[in-house]
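Engineer: I have a structure here, written as structure tokens, and I will follow up with some questions on it.
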Amino acid sequence: PDGLNEGRGALLGTFGSYGEGEGQFIYLTDVAVMPTPDGKGIARLYVSEYGGHDRISVFAPSPGAQVGDEREFQFQFAFGRPGSGASAEPLEFNRPQSLVIDLSRRELIVTDACNHRVGRLTLEGRLIAWFSSMGDGIGELKYPYGLALCEDHTIFVTEFGGNRVQRFDPETGASLGIYGT
């Protein structure tokens, strides 16, 4: 009635807040949506952030939510902490930037921008493997930011610092080609 919302979508709901606690965020970088098995609703949301936490938080629809009309989400768990370690425990990120879910493999793929690598994780946040390292060569990355999953399970990674796009086989970590310089 007041014209303030003309041409804009309506607020459907909110989750999380500013802060450092569970379910709170500082600098969000991406969200990945895991659909319900029938594809009609949302089973989980994965949200990456940096700025003191460098973690991924997982949310699920609140109990009683109607499939396909989820408006409220509750914090479930988070994984990762700031750092540059390559081991699975503790799992460390330095700016987890982009997220995609490979549903058929039940994996979460994440670009770890300031560690110049890509990680394959279980949907519960356990490390399967890291691949790549900093550099300009084939298979190396400089600040991987963007991430896209193809139907053949390969991924495209955009490099902020490398000014290029690289295609990878996440199973092996092998570069399948470079686009741009």
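Ordering of the structure tokens sets the chain letters (A, B, ...); residue numbers start at 1 within each chain; ligands are numbered from 1 in the order shown.
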Looking only at the backbone, which of the residues in segment 5-174 of chain A does DSSP tag as strand (DSSP E or B), as a VMD selection string?
Structural biologist: chain A and resid 17 to 18 24 to 25 27 to 35 42 to 50 55 to 61 73 to 79 81 to 82 92 to 93 96 to 102 107 to 112 117 to 122 127 to 131 134 141 144 to 149 155 to 159 164 to 169 174
Engineer: Compile the contact shell of segment 10-19 of chain A as a VMD selection string: residues with an atom at most 9 Å away, counting only C-alpha atoms, same-chain residues fewer than 5 positions apart removed.
Structural biologist: chain A and resid 5 24 to 27 59 70 to 75
Engineer: So that I can check the surroundings of Pro37 of chain A, please list as a short mmCIF file (atom, residue, chain, number, x, y, z; two decimals) with N, CA and C atoms, in the first residue's frame every protein, DNA and RNA residue that reaches within 10 Å of it, counting only C-alpha atoms and ignoring chain neighbours fewer than 5 positions away.
Structural biologist:
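This went into around_2.cif:
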```cif
data_model
loop_
_atom_site.label_atom_id
_atom_site.label_comp_id
_atom_site.auth_asym_id
_atom_site.auth_seq_id
_atom_site.Cartn_x
_atom_site.Cartn_y
_atom_site.Cartn_z
N ILE A 42 13.53 -27.68 0.40
CA ILE A 42 14.90 -27.46 0.85
C ILE A 42 15.17 -28.37 2.04
N ALA A 43 16.20 -29.21 1.92
CA ALA A 43 16.59 -30.08 3.03
C ALA A 43 17.60 -29.39 3.93
N LEU A 103 25.00 -33.63 -5.73
CA LEU A 103 24.00 -34.48 -5.09
C LEU A 103 24.23 -35.96 -5.32
#
```
Engineer: Go ahead and compute the interatomic distance for atom CA of Gly9 of chain A and atom CA of Gly51 of chain A, in Å to one decimal.
Structural biologist: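 Here the two named atoms are 28.9 Å from each other.
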Engineer: Using only C-alpha atoms, pick whichever of A:Thr154, A:Thr29, A:Ser57, A:Asn163 has the shortest atom-to-atom distance to Ile109 of chain A.
Structural biologist: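 Using only C-alpha atoms, the shortest distance to Ile109 of chain A belongs to A:Thr154.
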Engineer: Find, counting only C-alpha atoms, the residue in A:Leu28, A:Ala113, A:Leu108, A:Met34 that gets nearest to Gly162 of chain A.
Structural biologist: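 Residue with the minimum atom-to-atom distance to Gly162 of chain A: A:Ala113.
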Engineer: Would you please work out which residue, of A:Ser132, A:Val33, A:Gly83, A:Leu99, is nearest to Pro61 of chain A when using only C-alpha atoms?
Structural biologist: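 For Pro61 of chain A, the nearest of the given residues is A:Val33.
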